[in-house]
Structure formats: structure tokens, C-alpha cells
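Asks: Quick one, protein_2.txt (compact mmCIF, C-alpha atoms):
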```txt
# COMPACT_ATOMS: atom_id res chain seq x y z
CA MET A 1 0.00 0.00 0.00
CA LEU A 2 1.29 3.42 -0.95
CA GLN A 3 0.41 6.28 1.35
CA VAL A 4 -0.30 9.46 -0.61
CA SER A 5 -0.79 12.86 0.94
CA ILE A 6 -2.34 15.30 -1.51
CA TYR A 7 -3.06 19.03 -1.46
CA ARG A 8 -6.79 19.71 -1.64
CA TYR A 9 -8.50 23.05 -2.13
CA ASN A 10 -11.88 23.84 -3.57
CA PRO A 11 -12.50 27.59 -3.21
CA GLU A 12 -16.28 27.04 -3.45
CA THR A 13 -16.46 24.82 -0.36
CA ASP A 14 -13.14 25.08 1.55
CA SER A 15 -12.11 28.10 3.58
CA ALA A 16 -8.46 26.98 3.47
CA PRO A 17 -6.34 24.36 1.67
CA TYR A 18 -5.64 21.08 3.50
CA MET A 19 -3.73 17.82 2.96
CA GLN A 20 -5.79 14.67 2.39
CA GLU A 21 -4.46 11.15 2.97
CA PHE A 22 -5.08 8.34 0.49
CA GLN A 23 -4.13 4.65 0.57
CA VAL A 24 -3.39 3.40 -2.95
CA ASP A 25 -2.83 -0.27 -3.80
CA THR A 26 -0.12 -0.28 -6.47
CA GLN A 27 0.26 -4.09 -6.19
CA GLY A 28 3.98 -3.52 -5.88
CA ARG A 29 4.33 -2.24 -9.45
CA ASP A 30 6.59 0.69 -10.32
CA ILE A 31 3.91 2.78 -12.04
CA MET A 32 3.93 6.48 -12.86
CA VAL A 33 2.68 9.12 -10.42
CA LEU A 34 -0.08 9.99 -12.93
CA ASP A 35 -1.37 6.38 -12.70
CA VAL A 36 -1.55 6.79 -8.92
CA LEU A 37 -3.57 9.99 -9.43
CA HIS A 38 -6.04 8.08 -11.64
CA MET A 39 -6.43 5.45 -8.87
CA MET A 40 -7.07 8.23 -6.35
CA LYS A 41 -9.64 9.82 -8.66
CA GLU A 42 -11.48 6.49 -8.67
CA GLN A 43 -11.70 6.80 -4.87
CA ASP A 44 -12.69 10.48 -4.97
CA ASN A 45 -13.86 11.77 -8.33
CA GLY A 46 -13.85 15.35 -7.07
CA LEU A 47 -10.04 15.38 -7.27
CA ALA A 48 -8.83 17.91 -9.86
CA TYR A 49 -5.57 17.82 -11.84
CA ARG A 50 -4.50 18.53 -15.42
CA ARG A 51 -3.30 15.81 -17.78
CA SER A 52 -3.45 15.16 -21.48
CA CYS A 53 -0.91 13.14 -23.47
CA ARG A 54 0.38 11.06 -20.49
CA GLU A 55 3.80 10.70 -22.12
CA GLY A 56 5.76 13.85 -21.26
CA VAL A 57 5.00 15.77 -24.44
CA CYS A 58 2.13 18.12 -23.61
CA GLY A 59 3.44 19.46 -20.30
CA SER A 60 0.02 19.55 -18.59
CA ASP A 61 0.71 17.54 -15.44
CA GLY A 62 3.58 19.50 -13.91
CA MET A 63 3.32 19.22 -10.12
CA ASN A 64 5.37 19.05 -6.96
CA MET A 65 6.11 15.44 -5.98
CA ASN A 66 7.82 14.90 -2.62
CA GLY A 67 9.19 18.44 -2.82
CA LYS A 68 10.48 18.34 -6.40
CA ASN A 69 8.72 19.64 -9.49
CA GLY A 70 8.24 17.28 -12.41
CA LEU A 71 5.76 15.71 -14.83
CA ALA A 72 3.61 13.09 -13.08
CA CYS A 73 3.21 11.06 -16.29
CA ILE A 74 6.91 10.30 -16.74
CA THR A 75 7.95 10.11 -13.08
CA PRO A 76 7.99 6.50 -11.82
CA LEU A 77 7.22 5.90 -8.13
CA SER A 78 10.72 4.44 -7.64
CA GLU A 79 12.14 7.88 -8.47
CA VAL A 80 10.19 9.92 -5.90
CA VAL A 81 8.66 7.75 -3.16
CA LYS A 82 10.53 7.81 0.14
CA ASN A 83 9.65 5.41 3.00
CA GLY A 84 6.44 4.39 1.22
CA LYS A 85 5.09 7.96 1.23
CA LEU A 86 4.24 10.32 -1.59
CA VAL A 87 3.32 13.99 -1.07
CA LEU A 88 1.66 15.74 -4.01
CA ARG A 89 1.27 19.51 -4.19
CA PRO A 90 0.49 21.99 -6.97
CA LEU A 91 3.37 23.83 -8.66
CA PRO A 92 4.66 26.32 -6.03
CA GLY A 93 4.26 30.07 -6.40
CA LEU A 94 1.24 30.19 -8.70
CA PRO A 95 -2.34 30.82 -7.51
CA VAL A 96 -4.29 27.59 -6.99
CA ILE A 97 -7.58 27.29 -8.88
CA ARG A 98 -8.49 23.91 -7.40
CA ASP A 99 -6.47 21.00 -5.93
CA LEU A 100 -3.44 20.55 -8.25
CA VAL A 101 -4.73 22.96 -10.91
CA VAL A 102 -2.86 26.29 -10.88
CA ASP A 103 -3.46 29.59 -12.67
CA MET A 104 -0.66 29.79 -15.27
CA GLY A 105 -1.58 33.39 -16.26
CA LEU A 106 1.60 35.05 -14.98
CA PHE A 107 3.76 32.32 -16.51
CA TYR A 108 2.21 32.84 -19.95
CA LYS A 109 2.36 36.62 -19.57
CA GLN A 110 6.14 36.44 -19.15
CA TYR A 111 6.34 34.05 -22.12
CA GLU A 112 4.36 36.51 -24.24
CA ARG A 113 6.67 39.35 -23.17
CA ILE A 114 9.74 37.85 -24.84
CA GLN A 115 7.88 37.76 -28.21
CA PRO A 116 8.27 34.02 -28.88
CA TYR A 117 8.08 34.17 -32.66
CA LEU A 118 10.53 34.73 -35.49
CA GLN A 119 10.87 38.39 -36.51
CA ASN A 120 12.27 39.10 -39.94
CA ASP A 121 11.27 42.05 -42.15
CA THR A 122 13.18 41.08 -45.28
CA PRO A 123 10.86 39.73 -48.01
CA ALA A 124 10.44 35.98 -47.63
CA PRO A 125 12.14 33.88 -50.34
CA ALA A 126 9.99 31.76 -52.64
CA ILE A 127 10.30 28.56 -50.63
CA GLU A 128 11.79 29.08 -47.16
CA ARG A 129 14.42 31.00 -45.19
CA LEU A 130 17.53 28.86 -45.32
CA GLN A 131 19.81 28.20 -42.38
CA SER A 132 23.19 26.45 -42.31
CA PRO A 133 23.37 23.16 -40.36
CA GLU A 134 25.76 24.90 -37.92
CA ASP A 135 23.24 27.69 -37.26
CA ARG A 136 20.47 25.14 -36.86
CA ASP A 137 22.56 23.28 -34.27
CA LYS A 138 22.52 26.40 -32.07
CA LEU A 139 18.79 25.86 -31.46
CA ASP A 140 19.26 22.38 -29.99
CA GLY A 141 18.55 22.36 -26.27
CA LEU A 142 16.32 25.44 -26.67
CA TYR A 143 13.38 24.61 -28.91
CA GLU A 144 12.44 21.40 -27.03
CA CYS A 145 10.77 23.27 -24.14
CA ILE A 146 7.15 22.18 -23.61
CA LEU A 147 6.21 25.08 -21.25
CA CYS A 148 5.24 22.80 -18.36
CA ALA A 149 6.39 25.53 -15.89
CA CYS A 150 8.31 23.08 -13.68
CA CYS A 151 11.44 25.28 -13.91
CA SER A 152 9.90 28.74 -13.35
CA THR A 153 7.83 27.53 -10.39
CA SER A 154 10.92 26.03 -8.72
CA CYS A 155 12.75 29.37 -8.99
CA PRO A 156 12.71 31.65 -5.90
CA SER A 157 13.42 34.68 -8.10
CA PHE A 158 10.19 33.89 -9.99
CA TRP A 159 8.29 33.32 -6.72
CA TRP A 160 9.20 36.77 -5.37
CA ASN A 161 8.84 38.72 -8.64
CA PRO A 162 6.67 36.77 -11.10
CA ASP A 163 5.45 40.06 -12.59
CA LYS A 164 8.96 41.37 -13.37
CA PHE A 165 11.38 38.44 -13.73
CA VAL A 166 10.81 36.58 -16.99
CA GLY A 167 11.72 33.25 -15.39
CA PRO A 168 13.83 30.37 -16.72
CA ALA A 169 11.21 29.06 -19.18
CA GLY A 170 10.68 32.45 -20.81
CA LEU A 171 14.40 33.22 -20.91
CA LEU A 172 15.22 29.86 -22.52
CA GLN A 173 12.72 30.75 -25.27
CA SER A 174 14.07 34.28 -25.46
CA TYR A 175 17.54 32.90 -26.17
CA ARG A 176 16.04 30.46 -28.67
CA PHE A 177 15.11 33.49 -30.82
CA LEU A 178 18.24 35.51 -29.99
CA ALA A 179 20.33 32.56 -31.20
CA ASP A 180 18.31 32.07 -34.39
CA SER A 181 20.26 33.24 -37.47
CA ARG A 182 16.97 34.04 -39.22
CA ASP A 183 15.71 36.44 -36.53
CA GLU A 184 16.44 40.15 -37.07
CA ALA A 185 15.06 41.65 -33.85
CA THR A 186 18.14 40.89 -31.71
CA ARG A 187 18.75 44.52 -30.74
CA GLU A 188 15.11 45.15 -29.78
CA ARG A 189 14.95 41.89 -27.84
CA LEU A 190 18.11 42.72 -25.88
CA ALA A 191 16.88 46.26 -25.13
CA GLU A 192 13.81 44.73 -23.45
CA LEU A 193 15.96 42.59 -21.16
CA GLU A 194 18.69 44.84 -19.75
CA ASP A 195 16.79 46.08 -16.65
CA PRO A 196 17.59 44.66 -13.17
CA PHE A 197 14.64 42.23 -13.15
CA SER A 198 13.87 40.60 -16.52
CA VAL A 199 17.14 38.61 -16.81
CA PHE A 200 19.37 39.81 -14.00
CA ARG A 201 17.13 38.65 -11.14
CA CYS A 202 18.49 35.18 -11.93
CA ARG A 203 20.96 34.27 -9.18
CA GLY A 204 22.18 31.15 -10.95
CA ILE A 205 21.08 28.61 -8.32
CA MET A 206 20.13 26.19 -11.13
CA ASN A 207 16.87 24.86 -9.59
CA CYS A 208 15.52 25.10 -13.15
CA VAL A 209 18.19 22.75 -14.48
CA ALA A 210 17.62 20.29 -11.63
CA VAL A 211 13.89 19.90 -12.34
CA CYS A 212 13.53 20.24 -16.14
CA PRO A 213 11.80 17.02 -17.29
CA LYS A 214 13.25 17.50 -20.78
CA GLY A 215 16.82 17.83 -19.48
CA LEU A 216 17.23 21.41 -20.75
CA ASN A 217 19.54 24.04 -19.25
CA PRO A 218 17.91 27.49 -18.80
CA THR A 219 20.82 28.73 -16.64
CA ARG A 220 23.19 28.27 -19.57
CA ALA A 221 20.80 30.16 -21.86
CA ILE A 222 20.57 33.00 -19.30
CA GLY A 223 24.39 33.15 -19.22
CA LYS A 224 24.40 33.43 -23.02
CA ILE A 225 21.86 36.28 -22.90
CA ARG A 226 24.09 38.10 -20.39
CA GLU A 227 27.08 37.61 -22.70
CA MET A 228 25.09 39.08 -25.61
CA LEU A 229 23.94 42.05 -23.49
CA LEU A 230 27.53 42.67 -22.37
CA ALA A 231 28.91 42.40 -25.90
CA ASN A 232 26.24 44.81 -27.10
CA ALA A 233 26.83 47.46 -24.41
CA THR A 234 30.59 47.59 -23.81
CA MET B 235 11.47 46.43 -19.77
CA VAL B 236 11.00 47.04 -16.05
CA THR B 237 11.77 50.59 -14.87
CA ASN B 238 13.83 51.15 -11.70
CA ILE B 239 15.35 54.28 -10.16
CA THR B 240 16.87 53.24 -6.82
CA ASN B 241 19.32 50.62 -8.08
CA LEU B 242 22.96 51.68 -8.46
CA GLY B 243 23.48 51.81 -12.23
CA ARG B 244 19.87 52.27 -13.46
CA SER B 245 20.41 49.15 -15.59
CA GLY B 246 20.55 45.51 -14.63
CA LEU B 247 23.49 44.98 -16.94
CA SER B 248 25.65 47.67 -15.31
CA ASP B 249 24.64 46.53 -11.80
CA TRP B 250 25.58 42.98 -12.72
CA LEU B 251 28.98 44.02 -14.12
CA ILE B 252 29.69 46.27 -11.09
CA GLN B 253 28.77 43.38 -8.78
CA ARG B 254 31.20 41.01 -10.47
CA VAL B 255 34.12 43.44 -10.84
CA SER B 256 33.76 44.65 -7.23
CA ALA B 257 33.66 41.02 -6.05
CA VAL B 258 37.04 40.36 -7.71
CA ILE B 259 38.56 43.52 -6.18
CA LEU B 260 37.23 42.57 -2.72
CA ALA B 261 38.59 39.03 -3.08
CA VAL B 262 42.06 40.31 -4.02
CA TYR B 263 42.03 42.84 -1.13
CA THR B 264 40.90 40.22 1.41
CA LEU B 265 43.55 37.78 0.18
CA PHE B 266 46.22 40.50 0.48
CA ILE B 267 45.22 41.42 4.06
CA VAL B 268 45.04 37.76 5.16
CA LEU B 269 48.45 36.98 3.62
CA TYR B 270 49.94 40.16 5.13
CA LEU B 271 48.72 39.15 8.60
CA LEU B 272 50.03 35.59 8.12
CA PHE B 273 53.50 36.79 7.06
CA ASN B 274 53.70 39.35 9.90
CA PRO B 275 52.94 37.29 13.04
CA GLY B 276 54.25 39.73 15.65
CA LEU B 277 52.53 42.73 14.06
CA ASP B 278 52.93 45.99 16.00
CA TYR B 279 51.26 49.39 15.56
CA ALA B 280 54.23 50.98 13.79
CA THR B 281 54.34 48.35 11.01
CA TRP B 282 50.55 48.38 10.54
CA SER B 283 50.47 52.18 10.49
CA GLY B 284 53.45 52.21 8.13
CA LEU B 285 51.61 49.97 5.67
CA PHE B 286 48.65 52.34 5.54
CA ALA B 287 50.91 55.41 5.27
CA GLN B 288 51.97 54.35 1.79
CA THR B 289 50.07 55.90 -1.10
CA TRP B 290 49.59 52.62 -3.03
CA MET B 291 48.02 50.98 0.05
CA ARG B 292 45.67 53.95 0.51
CA ILE B 293 44.62 53.77 -3.14
CA PHE B 294 44.21 49.97 -2.89
CA SER B 295 42.15 50.37 0.31
CA LEU B 296 39.99 53.13 -1.14
CA LEU B 297 39.37 50.97 -4.21
CA ALA B 298 38.25 48.16 -1.88
CA PHE B 299 36.01 50.55 0.13
CA VAL B 300 34.35 51.92 -3.02
CA SER B 301 33.92 48.34 -4.29
CA LEU B 302 32.37 47.34 -0.97
CA ALA B 303 29.98 50.30 -1.10
CA ALA B 304 28.88 49.48 -4.66
CA HIS B 305 28.69 45.73 -3.94
CA ALA B 306 26.57 46.31 -0.82
CA TRP B 307 24.23 48.70 -2.61
CA VAL B 308 23.59 46.34 -5.53
CA GLY B 309 23.20 43.32 -3.24
CA LEU B 310 21.00 44.89 -0.59
CA TRP B 311 18.88 46.69 -3.19
CA THR B 312 18.16 43.25 -4.66
CA VAL B 313 17.24 41.89 -1.22
CA THR B 314 14.83 44.77 -0.55
CA THR B 315 13.08 44.31 -3.90
CA ASP B 316 12.76 40.56 -3.26
CA TYR B 317 11.39 40.64 0.25
CA LEU B 318 9.94 44.09 1.05
CA LYS B 319 6.71 44.37 -0.90
CA PRO B 320 5.02 47.49 0.61
CA THR B 321 6.51 50.49 -1.26
CA GLY B 322 6.86 52.72 1.82
CA ILE B 323 8.83 50.13 3.80
CA ARG B 324 10.98 49.26 0.78
CA VAL B 325 11.91 52.86 -0.07
CA GLY B 326 12.53 53.55 3.64
CA ALA B 327 14.88 50.56 3.92
CA GLN B 328 16.68 51.57 0.70
CA THR B 329 17.16 55.11 2.07
CA VAL B 330 18.63 53.79 5.35
CA ILE B 331 20.95 51.43 3.44
CA ILE B 332 22.20 54.10 1.03
CA LEU B 333 22.71 56.57 3.91
CA ALA B 334 24.66 53.97 5.94
CA ILE B 335 26.84 53.09 2.93
CA PHE B 336 27.57 56.81 2.36
CA VAL B 337 28.48 57.36 6.03
CA PHE B 338 30.74 54.29 6.14
CA LEU B 339 32.46 55.28 2.89
CA VAL B 340 33.23 58.85 4.05
CA TRP B 341 34.30 57.52 7.44
CA GLY B 342 36.63 55.04 5.72
CA ILE B 343 38.21 57.82 3.63
CA GLN B 344 38.72 59.89 6.79
CA ILE B 345 40.47 56.95 8.53
CA LEU B 346 42.71 56.36 5.50
CA TRP B 347 43.84 59.98 5.08
CA GLY B 348 43.03 61.40 8.50
CA ALA B 349 45.87 60.27 10.71
```
Once you've parsed the file, please lay out its structure as C-alpha cells.
Replies:
Amino acid sequence: MLQVSIYRYNPETDSAPYMQEFQVDTQGRDIMVLDVLHMMKEQDNGLAYRRSCREGVCGSDGMNMNGKNGLACITPLSEVVKNGKLVLRPLPGLPVIRDLVVDMGLFYKQYERIQPYLQNDTPAPAIERLQSPEDRDKLDGLYECILCACCSTSCPSFWWNPDKFVGPAGLLQSYRFLADSRDEATRERLAELEDPFSVFRCRGIMNCVAVCPKGLNPTRAIGKIREMLLANAT
Amino acid sequence: MVTNITNLGRSGLSDWLIQRVSAVILAVYTLFIVLYLLFNPGLDYATWSGLFAQTWMRIFSLLAFVSLAAHAWVGLWTVTTDYLKPTGIRVGAQTVIILAIFVFLVWGIQILWGA
């Protein structure tokens, strides 16, 4: 029997959030945390959480499992359970809508701020804008982000200033376009980032790197943005 | 772009560079003082005073003091913007910090060139 403690909050009926205990019979199998959530939902169908693809592609089921953010669908119990206990909480730092469902508004607002689309004013060629294999390689480790918010919600700088600090997810995407040889808005993008909050509130503690379910490295991307800002201004 | 007026350099980039350069200066100064104390075990007042009577040591010390002032301002400004959310309390704390840094800096200069 696996003992699961889960964060419950329904603003329509609860005055405050509380932790609810569940006993789940996993029959000794090493299943994913998302499977455990399904078993719990069979016991209490009022339990709310997001999920979609159940294979680590859509990024819907980011949550805090035994203190560490990750995707429930690709996290096996053997990776997180300690002493037969599992504690599930919503992603930290974002407002809770219900149970494990959080309001991602601020996260998306910061993503929108970095203008996550290719900007190029030269007339488009007949077929496509070409890029050398070397230039294309620069986008590896950047474009794979699925916006699950595990990194930004594990970042204290994002907790304290989610309205001003872009956060690791947004900055990784920002660098994805700064590094793109086809993008022409480099100067404008950098000008938007040189204040003390947007990029520089990062203190390099690398929580983002430790939790990214896709194995990406936002801290490295933030370092590259700083290098570009420095090269542009000195 | 987030606007700020109480941080040291008005730009995150310049604050960041100042923080790193001043950290290197402070590290070199600390290392020098520690090594000096280690290599002068029976240090007396005359030797210590003689060290600080030399112009290069005064310049080196002033450089370290200015670095410390800048480093403290950038660092503590960041702390206030992280943890002090009500504007009145935050601006008040920033004023006290900047005033203290100014007093300590002038005091340090007076000690270096006073005696």
C-alpha cells in the first residue's frame, strides 16, 4: 500500500487548503505518479488535476512530488517515493484554482513578453528562409521546451517577482530566438531585457536545471543572454 | 522592460557588471590582508600604520572601500526588492541602506587619510 498525501482546495467549499491522505494499492508495481492519481480519482472523483498526453510531451501535469517539481506522467514511483510515502502539491508560487490545478496566467504573460516568434522584415524567399546546419545546431537544447512551468515555479526569483522576472522558461525561449540566425530583432529583444529584473534577477542557483523534465539548461541560456547584453553594451 | 530608479546603475546589466568586478577587487584585497597578517605574526602598531601610510596601500584600500559600497548597494537593493513588498517600507529601507553606505564610505576615507 502506498500512502499518498495530496493538497486539496476547492474555493467554493473550503475556507483553506488542507492535505488529504489516500491509501493506494499499487500491487507492488513501479507505475507512474499519474497512474496513482487516476487510482485516487477512482476513490474520490472530485479530485482535480491537469493531464493530457500522459507521455511527457504536452506538459500539462507539472506538479510538486515529494518536494520536487516534475511531470507526473513520466515520473515513476521508484524515483520519488521515500519510505512508502508520496506527497503531491500543486506547482509552487502560482495561484491555486483547485487541488493541483494552478493559474498559469503570470507564466504565460512572461512568455508573451519575450515575443516568442521569429521576426524578420526582409521579403520571404519563394520557398523558405535557409539556415546552415551549424546555425540550426545552435537551437538544440532550446526549442524542445514544452512550457510545463516546472522550472519557473521552482525558482525563488520567480516566486518573489513573477510580474517582473521573466523566469527560466521564458528566458530559454528568449535565447532560442536571440540565437536564431533568421531572426532580425536581436537589438530590440536585448533592449527589453537589460533592466535589473527581466534577466538579472536570476541568481544562478540552477533549480531550473535540476527539475527540467526535458533535461534542458535554462541557466546556460541566461548566461548566453548576459554575454550578448555585455557584448552589445561595452 | 521594467523601470527602476533606486538601483545603483539604473540598468541591470551595469549593476551585474559592477557586482562582479567589485567582487574580484574585494577578493584580491581580502587575500592580500590575510596573507599580510600571516606573514607578519608579531605585528605591531608601527608596522601596521606604516603599511597604511603608503600611497599605493591607501589607493588599494579606497578601491576596496568603493567596491564594498557598490557591492553592498547592488546586493542589498536586490534583497529589498525581493522581500519588502510594501513600497513605503521598501523605499525607507533603501534610504537607510544608502545613507549607511555613504556614512561608512566617508568615514573610511577619513580613517585612510586622517591620521
Asks: Can you write out as CSV which residues of chain A fall within 12 Å of chain B, alongside each residue's closest atom pair and its distance in Å to one decimal, counting all atoms listed in the file and ordering rows by chain and ascending residue number?
Replies:
```
residue,atom,partner,partner_atom,distance
A:Gln110,CA,B:Met235,CA,11.3
A:Arg113,CA,B:Met235,CA,9.2
A:Ile114,CA,B:Met235,CA,10.1
A:Pro156,CA,B:Asp316,CA,9.3
A:Ser157,CA,B:Asp316,CA,7.6
A:Phe158,CA,B:Asp316,CA,9.8
A:Trp159,CA,B:Asp316,CA,9.2
A:Trp160,CA,B:Asp316,CA,5.6
A:Asn161,CA,B:Asp316,CA,6.9
A:Pro162,CA,B:Asp316,CA,10.6
A:Asp163,CA,B:Val236,CA,9.6
A:Lys164,CA,B:Val236,CA,6.6
A:Phe165,CA,B:Val236,CA,8.9
A:Val166,CA,B:Met235,CA,10.3
A:Glu188,CA,B:Met235,CA,10.7
A:Arg189,CA,B:Met235,CA,9.9
A:Leu190,CA,B:Met235,CA,9.8
A:Ala191,CA,B:Met235,CA,7.6
A:Glu192,CA,B:Met235,CA,4.7
A:Leu193,CA,B:Met235,CA,6.1
A:Glu194,CA,B:Gly246,CA,5.5
A:Asp195,CA,B:Gly246,CA,4.3
A:Pro196,CA,B:Gly246,CA,3.4
A:Phe197,CA,B:Val236,CA,6.7
A:Ser198,CA,B:Val236,CA,7.1
A:Val199,CA,B:Gly246,CA,8.0
A:Phe200,CA,B:Gly246,CA,5.9
A:Arg201,CA,B:Thr312,CA,8.0
A:Cys202,CA,B:Trp250,CA,10.6
A:Arg203,CA,B:Thr312,CA,10.4
A:Gly223,CA,B:Trp250,CA,11.8
A:Ile225,CA,B:Leu247,CA,10.7
A:Arg226,CA,B:Leu247,CA,7.7
A:Glu227,CA,B:Leu247,CA,10.0
A:Met228,CA,B:Leu247,CA,10.6
A:Leu229,CA,B:Leu247,CA,7.2
A:Leu230,CA,B:Leu247,CA,7.2
A:Ala231,CA,B:Leu247,CA,10.8
A:Asn232,CA,B:Leu247,CA,10.5
A:Ala233,CA,B:Leu247,CA,8.6
A:Thr234,CA,B:Ser248,CA,9.8
```
Asks: Under the rule that all atoms listed in the file are counted, which of A:Leu86, A:Leu178, A:Val24, A:Leu142 is the nearest residue to Asp44 (chain A)?
Replies: A:Val24
Asks: Enter the distance from CA of Glu55 (chain A) to CA of Arg89 (chain A), in Å, rounded to one decimal.
Replies: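 Result for CA of Glu55 (chain A) versus CA of Arg89 (chain A): 20.1 Å, one decimal.
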Asks: With all atoms listed in the file as the basis for distance, which of B:Thr240, B:Thr264, B:Ser256, B:Thr329 is at the shortest distance from Val300 (chain B)?
Replies: B:Ser256
Asks: Might you pull out every residue within 9 Å of region 104-108 of chain A, with only C-alpha atoms counted and same-chain residues fewer than 6 positions away left off, and present them as an MDAnalysis selection string?
Replies: chainID A and resid 94:95 147 149 152:153 162:163 166:167 169:170
Asks: What does the distance between CA of Gln173 (chain A) and CA of Gly215 (chain A) come to in Å, to one decimal place?
Replies: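 Atom-to-atom, CA of Gln173 (chain A) and CA of Gly215 (chain A) are spaced 14.7 Å apart.
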Asks: May I have the residues at most 7 Å from (33.7, 48.4, -6.5) in the file's coordinates, counting all atoms listed in the file, as a list of chain:residue names?
Replies: B:Ile252, B:Val255, B:Ser256, B:Ile259, B:Leu297, B:Ala298, B:Val300, B:Ser301, B:Leu302, B:Ala303, B:Ala304, B:His305
Asks: Asn69 (chain A): which residues within 12 Å, counting all atoms listed in the file, same-chain residues fewer than 5 positions away excluded, as a PyMOL selection string?
Replies: chain A and resi 61-64+74-75+80+87-93+148-155+207-213
Asks: Mind pulling up the distance from CA of Gly59 (chain A) to CA of Leu71 (chain A)?
Replies: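 Here the two named atoms are 7.0 Å from each other.
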Asks: Residues within 8 Å of (32.2, 55.2, 4.6), file coordinates, counting all atoms listed in the file: what are they? Give the list as a compact mmCIF listing (two decimals) with C-alpha atoms, in the coordinates of the input.
Replies:
```
# COMPACT_ATOMS: atom_id res chain seq x y z
CA PHE B 299 36.01 50.55 0.13
CA ALA B 303 29.98 50.30 -1.10
CA ALA B 334 24.66 53.97 5.94
CA ILE B 335 26.84 53.09 2.93
CA PHE B 336 27.57 56.81 2.36
CA VAL B 337 28.48 57.36 6.03
CA PHE B 338 30.74 54.29 6.14
CA LEU B 339 32.46 55.28 2.89
CA VAL B 340 33.23 58.85 4.05
CA TRP B 341 34.30 57.52 7.44
CA GLY B 342 36.63 55.04 5.72
CA ILE B 343 38.21 57.82 3.63
```
Asks: Have a look at A:Arg54, A:Tyr49, A:Met19, A:Lys85 and name the one nearest to Met1 (chain A); count all atoms listed in the file.
Replies: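 Of the candidates, the smallest distance to Met1 (chain A) is held by A:Lys85.
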Asks: Using all atoms listed in the file, which protein or nucleic acid residues come within 9 Å of Glu184 (chain A)? Drop anything in the same chain fewer than 5 positions from it, and give the result as an MDAnalysis selection string.
Replies: chainID A and resid 118:122 178
Asks: Show which residues sit within 12 Å of region 269-271 of chain B, as a list in words. Count only C-alpha atoms, and ignore same-chain residues fewer than 6 positions away.
Replies: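 Residues meeting the cut-off are Val262, Tyr263, Leu277, Asp278, Thr281, Trp282 and Leu285 of chain B.
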